[in-house]
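K.L.:
Just final19.cif, nothing more (mmCIF, C-alpha atoms and all ligand atoms):
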```cif
data_run
#
loop_
_atom_site.group_PDB
_atom_site.id
_atom_site.type_symbol
_atom_site.label_atom_id
_atom_site.label_comp_id
_atom_site.auth_asym_id
_atom_site.auth_seq_id
_atom_site.Cartn_x
_atom_site.Cartn_y
_atom_site.Cartn_z
ATOM 1 C CA MET U 1 -12.512 4.328 -10.467
ATOM 2 C CA LYS U 2 -10.173 1.387 -11.011
ATOM 3 C CA LEU U 3 -7.459 1.034 -8.464
ATOM 4 C CA ILE U 4 -4.592 -1.140 -7.372
ATOM 5 C CA LEU U 5 -4.448 -1.746 -3.632
ATOM 6 C CA GLY U 6 -0.864 -2.516 -2.631
ATOM 7 C CA VAL U 7 -0.605 -4.234 0.757
ATOM 8 C CA THR U 8 2.747 -4.431 2.546
ATOM 9 C CA GLY U 9 4.107 -6.143 5.648
ATOM 10 C CA SER U 10 2.679 -4.099 8.478
ATOM 11 C CA ILE U 11 0.839 -5.425 11.500
ATOM 12 C CA SER U 12 -2.075 -3.325 10.198
ATOM 13 C CA ALA U 13 -2.240 -5.287 6.903
ATOM 14 C CA TYR U 14 -5.534 -6.890 7.986
ATOM 15 C CA LYS U 15 -7.158 -3.447 7.874
ATOM 16 C CA ALA U 16 -6.552 -3.386 4.124
ATOM 17 C CA VAL U 17 -9.512 -5.770 3.768
ATOM 18 C CA GLU U 18 -11.803 -3.025 5.107
ATOM 19 C CA ILE U 19 -10.218 -0.604 2.659
ATOM 20 C CA LEU U 20 -10.888 -3.014 -0.207
ATOM 21 C CA ARG U 21 -14.514 -3.460 0.925
ATOM 22 C CA ILE U 22 -15.308 0.237 1.195
ATOM 23 C CA PHE U 23 -14.080 0.883 -2.352
ATOM 24 C CA GLN U 24 -16.082 -2.080 -3.617
ATOM 25 C CA LYS U 25 -19.234 -0.987 -1.768
ATOM 26 C CA ASN U 26 -18.943 2.307 -3.604
ATOM 27 C CA GLU U 27 -18.645 0.475 -6.909
ATOM 28 C CA HIS U 28 -14.969 0.975 -7.582
ATOM 29 C CA ARG U 29 -12.994 -1.890 -9.097
ATOM 30 C CA VAL U 30 -10.049 -3.015 -7.002
ATOM 31 C CA CYS U 31 -7.206 -5.400 -7.744
ATOM 32 C CA VAL U 32 -4.711 -6.328 -5.052
ATOM 33 C CA ILE U 33 -0.930 -6.698 -4.929
ATOM 34 C CA MET U 34 0.636 -8.158 -1.786
ATOM 35 C CA THR U 35 4.309 -8.190 -0.898
ATOM 36 C CA GLU U 36 5.877 -11.336 0.480
ATOM 37 C CA ALA U 37 5.984 -9.764 3.955
ATOM 38 C CA ALA U 38 2.299 -8.796 3.756
ATOM 39 C CA GLN U 39 1.454 -12.473 3.293
ATOM 40 C CA LYS U 40 2.986 -13.214 6.714
ATOM 41 C CA PHE U 41 0.250 -11.063 8.244
ATOM 42 C CA ILE U 42 -2.770 -11.937 6.127
ATOM 43 C CA ALA U 43 -3.407 -14.574 3.467
ATOM 44 C CA PRO U 44 -4.097 -13.649 -0.172
ATOM 45 C CA LEU U 45 -7.191 -15.878 0.147
ATOM 46 C CA THR U 46 -8.850 -13.280 2.383
ATOM 47 C CA PHE U 47 -8.687 -10.695 -0.401
ATOM 48 C CA GLU U 48 -9.453 -13.301 -3.083
ATOM 49 C CA THR U 49 -12.753 -14.015 -1.346
ATOM 50 C CA PHE U 50 -13.855 -10.525 -2.321
ATOM 51 C CA ILE U 51 -12.215 -9.923 -5.719
ATOM 52 C CA PRO U 52 -12.960 -11.644 -9.023
ATOM 53 C CA GLY U 53 -9.353 -12.629 -9.794
ATOM 54 C CA ARG U 54 -6.251 -13.595 -7.874
ATOM 55 C CA VAL U 55 -4.040 -11.417 -5.717
ATOM 56 C CA TYR U 56 -0.815 -10.516 -7.504
ATOM 57 C CA THR U 57 2.175 -11.648 -5.464
ATOM 58 C CA HIS U 58 5.019 -12.370 -7.874
ATOM 59 C CA MET U 59 6.973 -10.711 -10.669
ATOM 60 C CA PHE U 60 7.868 -13.948 -12.361
ATOM 61 C CA ASP U 61 4.819 -16.124 -12.724
ATOM 62 C CA SER U 62 4.612 -17.867 -16.087
ATOM 63 C CA HIS U 63 0.917 -18.671 -15.631
ATOM 64 C CA ARG U 64 0.018 -15.011 -15.618
ATOM 65 C CA ASP U 65 0.680 -11.921 -17.695
ATOM 66 C CA PRO U 66 4.488 -11.591 -17.847
ATOM 67 C CA LEU U 67 4.100 -7.836 -18.367
ATOM 68 C CA LEU U 68 1.822 -7.341 -15.381
ATOM 69 C CA HIS U 69 3.903 -4.452 -13.994
ATOM 70 C CA ILE U 70 3.457 -2.580 -17.294
ATOM 71 C CA ASN U 71 -0.168 -3.510 -17.932
ATOM 72 C CA LEU U 72 -1.558 -2.831 -14.446
ATOM 73 C CA PRO U 73 -0.712 0.898 -14.727
ATOM 74 C CA LYS U 74 -2.514 1.053 -18.092
ATOM 75 C CA GLU U 75 -5.634 -0.601 -16.658
ATOM 76 C CA ASN U 76 -5.934 1.359 -13.400
ATOM 77 C CA ASP U 77 -6.490 4.992 -12.415
ATOM 78 C CA LEU U 78 -4.899 4.991 -8.966
ATOM 79 C CA LEU U 79 -2.263 3.106 -6.997
ATOM 80 C CA LEU U 80 -2.981 3.050 -3.269
ATOM 81 C CA VAL U 81 -0.374 1.508 -0.980
ATOM 82 C CA ALA U 82 -2.075 0.881 2.365
ATOM 83 C CA PRO U 83 -0.490 0.093 4.703
ATOM 84 C CA ALA U 84 2.858 1.350 3.406
ATOM 85 C CA THR U 85 5.862 0.054 5.339
ATOM 86 C CA ALA U 86 9.081 1.993 5.887
ATOM 87 C CA ASN U 87 10.603 -0.522 3.470
ATOM 88 C CA ILE U 88 8.254 0.090 0.515
ATOM 89 C CA ILE U 89 8.492 3.846 1.123
ATOM 90 C CA ALA U 90 12.301 3.579 0.888
ATOM 91 C CA LYS U 91 12.052 1.547 -2.285
ATOM 92 C CA MET U 92 9.586 3.978 -3.848
ATOM 93 C CA ALA U 93 11.726 6.972 -2.886
ATOM 94 C CA ASN U 94 14.843 5.385 -4.359
ATOM 95 C CA GLY U 95 13.500 3.855 -7.541
ATOM 96 C CA ILE U 96 14.005 0.265 -6.475
ATOM 97 C CA GLY U 97 11.903 -2.340 -8.259
ATOM 98 C CA ASP U 98 12.628 -5.727 -6.773
ATOM 99 C CA ASP U 99 9.105 -7.092 -6.435
ATOM 100 C CA ILE U 100 5.764 -6.777 -8.236
ATOM 101 C CA LEU U 101 4.542 -3.847 -6.114
ATOM 102 C CA SER U 102 7.656 -1.657 -6.293
ATOM 103 C CA THR U 103 8.085 -2.401 -10.014
ATOM 104 C CA THR U 104 4.444 -1.601 -10.774
ATOM 105 C CA PHE U 105 4.947 1.682 -8.911
ATOM 106 C CA LEU U 106 7.932 2.501 -11.146
ATOM 107 C CA ALA U 107 5.762 1.980 -14.227
ATOM 108 C CA PHE U 108 2.755 3.808 -12.747
ATOM 109 C CA TYR U 109 2.207 7.186 -14.388
ATOM 110 C CA LYS U 110 -1.106 8.166 -12.738
ATOM 111 C CA LYS U 111 -2.046 9.155 -9.172
ATOM 112 C CA VAL U 112 -0.324 7.391 -6.300
ATOM 113 C CA VAL U 113 -1.380 7.473 -2.632
ATOM 114 C CA ILE U 114 0.499 5.952 0.285
ATOM 115 C CA ALA U 115 -0.717 5.403 3.838
ATOM 116 C CA PRO U 116 2.411 4.941 5.967
ATOM 117 C CA ALA U 117 1.870 2.724 9.019
ATOM 118 C CA MET U 118 4.589 1.856 11.471
ATOM 119 C CA ASN U 119 5.932 2.249 14.982
ATOM 120 C CA SER U 120 6.327 5.928 15.912
ATOM 121 C CA TYR U 121 10.121 5.642 16.302
ATOM 122 C CA MET U 122 10.318 4.191 12.811
ATOM 123 C CA LEU U 123 8.135 7.028 11.525
ATOM 124 C CA GLU U 124 10.468 9.580 13.147
ATOM 125 C CA ASN U 125 13.602 7.951 11.749
ATOM 126 C CA LYS U 126 15.346 10.541 9.589
ATOM 127 C CA ALA U 127 15.614 8.163 6.644
ATOM 128 C CA VAL U 128 11.863 7.543 6.738
ATOM 129 C CA VAL U 129 11.096 11.267 7.185
ATOM 130 C CA GLU U 130 13.338 12.106 4.219
ATOM 131 C CA ASN U 131 11.881 9.338 2.048
ATOM 132 C CA ILE U 132 8.311 10.507 2.715
ATOM 133 C CA ALA U 133 9.301 14.130 1.974
ATOM 134 C CA ARG U 134 10.962 13.019 -1.246
ATOM 135 C CA LEU U 135 7.848 11.184 -2.378
ATOM 136 C CA LYS U 136 5.658 14.187 -1.524
ATOM 137 C CA SER U 137 7.943 16.469 -3.546
ATOM 138 C CA ARG U 138 7.372 14.164 -6.535
ATOM 139 C CA GLY U 139 3.606 14.458 -6.270
ATOM 140 C CA ILE U 140 2.863 11.279 -4.334
ATOM 141 C CA ALA U 141 -0.074 11.866 -1.962
ATOM 142 C CA VAL U 142 0.583 10.824 1.618
ATOM 143 C CA ILE U 143 -2.186 10.061 4.116
ATOM 144 C CA GLU U 144 -1.095 11.254 7.529
ATOM 145 C CA PRO U 145 -0.810 8.312 9.961
ATOM 146 C CA GLY U 146 -3.136 8.368 12.950
ATOM 147 C CA LYS U 147 -2.173 8.773 16.606
ATOM 148 C CA GLY U 148 -3.064 6.305 19.332
ATOM 149 C CA SER U 149 -2.044 2.974 20.752
ATOM 150 C CA LEU U 150 0.260 1.034 18.476
ATOM 151 C CA ALA U 151 0.672 -2.737 18.240
ATOM 152 C CA CYS U 152 4.101 -2.533 19.863
ATOM 153 C CA SER U 153 2.550 -1.483 23.227
ATOM 154 C CA THR U 154 3.442 2.171 22.715
ATOM 155 C CA GLU U 155 1.355 5.270 22.194
ATOM 156 C CA GLY U 156 2.128 7.576 19.326
ATOM 157 C CA LYS U 157 1.808 8.373 15.669
ATOM 158 C CA GLY U 158 1.930 5.597 13.101
ATOM 159 C CA ARG U 159 -1.481 3.970 12.912
ATOM 160 C CA LEU U 160 -3.093 3.172 9.592
ATOM 161 C CA PRO U 161 -6.140 5.469 9.456
ATOM 162 C CA GLU U 162 -9.621 3.946 9.328
ATOM 163 C CA ALA U 163 -10.862 2.693 5.957
ATOM 164 C CA GLU U 164 -13.391 5.561 5.609
ATOM 165 C CA LYS U 165 -10.619 8.133 5.978
ATOM 166 C CA VAL U 166 -8.440 6.394 3.396
ATOM 167 C CA TYR U 167 -11.416 6.144 1.033
ATOM 168 C CA ASP U 168 -12.401 9.818 1.445
ATOM 169 C CA PHE U 169 -8.803 10.913 0.870
ATOM 170 C CA CYS U 170 -8.528 8.933 -2.383
ATOM 171 C CA LEU U 171 -11.903 10.099 -3.645
ATOM 172 C CA LYS U 172 -11.073 13.762 -3.038
ATOM 173 C CA LEU U 173 -7.759 13.317 -4.820
ATOM 174 C CA GLU U 174 -9.377 11.569 -7.789
ATOM 175 C CA ASN U 175 -12.146 14.169 -8.107
ATOM 176 C CA GLY U 176 -10.022 17.205 -7.291
HETATM 177 C C1 LIG P 201 5.257 -8.274 13.911
HETATM 178 C C2 LIG P 201 5.822 -7.300 12.889
HETATM 179 C C3 LIG P 201 5.131 -6.149 12.635
HETATM 180 C C4 LIG P 201 5.637 -5.224 11.702
HETATM 181 N N1 LIG P 201 4.940 -4.092 11.465
HETATM 182 C C5 LIG P 201 5.469 -3.163 10.637
HETATM 183 C C6 LIG P 201 4.782 -1.942 10.416
HETATM 184 O O1 LIG P 201 3.679 -1.698 10.938
HETATM 185 N N2 LIG P 201 5.351 -1.032 9.597
HETATM 186 C C7 LIG P 201 6.565 -1.245 8.984
HETATM 187 O O2 LIG P 201 7.045 -0.362 8.281
HETATM 188 N N3 LIG P 201 7.227 -2.421 9.155
HETATM 189 C C8 LIG P 201 6.704 -3.377 9.957
HETATM 190 N N4 LIG P 201 7.367 -4.559 10.117
HETATM 191 C C9 LIG P 201 8.593 -4.816 9.357
HETATM 192 C C10 LIG P 201 8.297 -5.209 7.908
HETATM 193 O O3 LIG P 201 7.441 -6.354 7.868
HETATM 194 C C11 LIG P 201 9.615 -5.501 7.164
HETATM 195 O O4 LIG P 201 10.376 -4.304 7.079
HETATM 196 C C12 LIG P 201 9.393 -6.079 5.788
HETATM 197 O O5 LIG P 201 10.631 -6.308 5.172
HETATM 198 C C13 LIG P 201 8.543 -5.175 4.922
HETATM 199 O O6 LIG P 201 8.479 -5.693 3.609
HETATM 200 P P1 LIG P 201 7.522 -5.064 2.494
HETATM 201 O O7 LIG P 201 7.708 -3.603 2.506
HETATM 202 O O8 LIG P 201 8.033 -5.687 1.224
HETATM 203 O O9 LIG P 201 6.149 -5.528 2.771
HETATM 204 C C14 LIG P 201 6.863 -5.499 11.029
HETATM 205 C C15 LIG P 201 7.527 -6.704 11.294
HETATM 206 C C16 LIG P 201 7.018 -7.592 12.200
HETATM 207 C C17 LIG P 201 7.767 -8.890 12.454
#
```
Please re-express this file's structure in structure tokens.

P.N.:
Amino acid sequence: MKLILGVTGSISAYKAVEILRIFQKNEHRVCVIMTEAAQKFIAPLTFETFIPGRVYTHMFDSHRDPLLHINLPKENDLLLVAPATANIIAKMANGIGDDILSTTFLAFYKKVVIAPAMNSYMLENKAVVENIARLKSRGIAVIEPGKGSLACSTEGKGRLPEAEKVYDFCLKLENG
């Protein structure tokens, strides 16, 4: 399978490296898009150490394919956003395309999976609940966040599930 791994600005962004590695170990081809906020948590270089090309970070980059947001959907079978912030979920639910990840999503006509990861109060916020429900109703697959201790010194639901769980979920979806 060829997939796009979209990484957004969650404290759990570093776990996306494990997600990348597990897909690669199983011989899937992964390219990576990072939002600006994601790059505050982990450097593109970390992903670039493991992928043949560069991480995609910008819509307007004259040195690269100007139609990246249109061509990436053609070249890939699955878009996985992990971790998915409340912000990207809101943008996806409302058709906003103001960066390379949200715009690629708008042009993506194949399977999409999101793994929401955030503080449990954020996850319970009615806007977030409604946005996730809206995405589900449109056929977007949502990986249930895990329960446990969160980075913000609270216990609750909102953790990005382990890489194996994310991998198994995507594989079942792709084969099912
Ligand atoms: C230390 C820190 C941790 C954060 N962790 C999360 C998180 O786990 N989930 C989330 O939805 N937002 C989190 N945020 C907020 C997002 O980074 C912020 O909403 C950002 O605009 C998201 O942008 P993006 O969706 O384009 O990546 C965090 C912010 C900070 C400063």

K.L.:
I'd like the interatomic distance between CA of Met34 (chain U) and CA of Tyr14 (chain U), to a tenth of an Å.

P.N.:
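Between CA of Met34 (chain U) and CA of Tyr14 (chain U) the gap works out to 11.6 Å.
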
K.L.:
Within 9 Å of (9.8, 3.4, 5.4) (coordinates as in the file), grab all the protein and nucleic acid residues, counting all atoms listed in the file, and write them out as a ChimeraX atom specification.

P.N.:
/U:84-91,116-118,122-123,125,127-129,131-132

K.L.:
Point out the residue among U:Tyr56, U:Phe105, U:Phe41, U:Phe169 with the least atom-to-atom distance to ligand LIG 201 (chain P), counting all atoms listed in the file.

P.N.:
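Smallest distance to ligand LIG 201 (chain P) is found for U:Phe41.
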
K.L.:
Tell me which residues the PyMOL selection byres (((chain U and resi 38) around 9) and not hetatm) grabs here, as a list in words.

P.N.:
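Evaluating the PyMOL selection byres (((chain U and resi 38) around 9) and not hetatm) on this file yields Val7, Thr8, Gly9, Ser10, Ile11, Ala13, Met34, Thr35, Glu36, Ala37, Gln39, Lys40, Phe41, Ile42, Ala43 and Pro44 of chain U.
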
K.L.:
Box time for region 106-121 of chain U: axis-aligned, enclosing all its listed atoms, 5 Å extra on each side; report centre and edge lengths in Å to one decimal, as AutoDock Vina command-line options.

P.N.:
```
--center_x 4.0 --center_y 5.5 --center_z 1.0 --size_x 22.2 --size_y 17.3 --size_z 40.7
```

K.L.:
Point out the residue among U:Glu164, U:Glu75, U:Ile33, U:Ile4 with the least atom-to-atom distance to ligand LIG 201 (chain P), counting only C-alpha atoms and all ligand atoms.

P.N.:
U:Ile33

K.L.:
Identify which of the residues U:Tyr167, U:Arg64, U:Leu150, U:Lys136 lies closest to Lys25 (chain U), counting all atoms listed in the file when measuring atom-to-atom distances.

P.N.:
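The answer is U:Tyr167, which sits nearest to Lys25 (chain U).
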
K.L.:
Fewer than 2 positions away in the same chain doesn't count, so skip those; otherwise give me all residues within 12 Å of Leu3 (chain U), counting only C-alpha atoms, as an NGL selection string.

P.N.:
:U and (1 or 5-6 or 19-20 or 23-24 or 27-33 or 72-81 or 108 or 110-113 or 167 or 170-171 or 174)

K.L.:
Using all atoms listed in the file, which residue out of U:His58, U:Phe47, U:Asn71, U:Gly139 lies closest to ligand LIG 201 (chain P)?

P.N.:
U:His58

K.L.:
Using all atoms listed in the file, determine which residues lie at most 10 Å from Ser149 (chain U), disregarding the query and same-chain residues fewer than 6 positions distant; provide the list as a ChimeraX atom specification.

P.N.:
/U:119,155-159

K.L.:
Tell me, in Å to one decimal, how far CA of Leu160 (chain U) is from CA of Pro145 (chain U).

P.N.:
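Result for CA of Leu160 (chain U) versus CA of Pro145 (chain U): 5.6 Å, one decimal.
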
K.L.:
Restricting the calculation to all atoms listed in the file: of U:Ser12, U:Asn26, U:Thr46, U:Ser120, which residue gets closest to ligand LIG 201 (chain P)?

P.N.:
U:Ser12

K.L.:
Pick out the closest residue to ligand LIG 201 (chain P) from this set: U:Arg138, U:Lys147, U:Val166, U:Asp98. Count only C-alpha atoms and all ligand atoms.

P.N.:
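Checking each candidate against ligand LIG 201 (chain P), we get U:Asp98 as the closest.
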
K.L.:
By how many Å are CA of Glu48 (chain U) and atom O9 of ligand LIG 201 (chain P) apart?

P.N.:
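So the two atoms, CA of Glu48 (chain U) and atom O9 of ligand LIG 201 (chain P), lie 18.4 Å apart.
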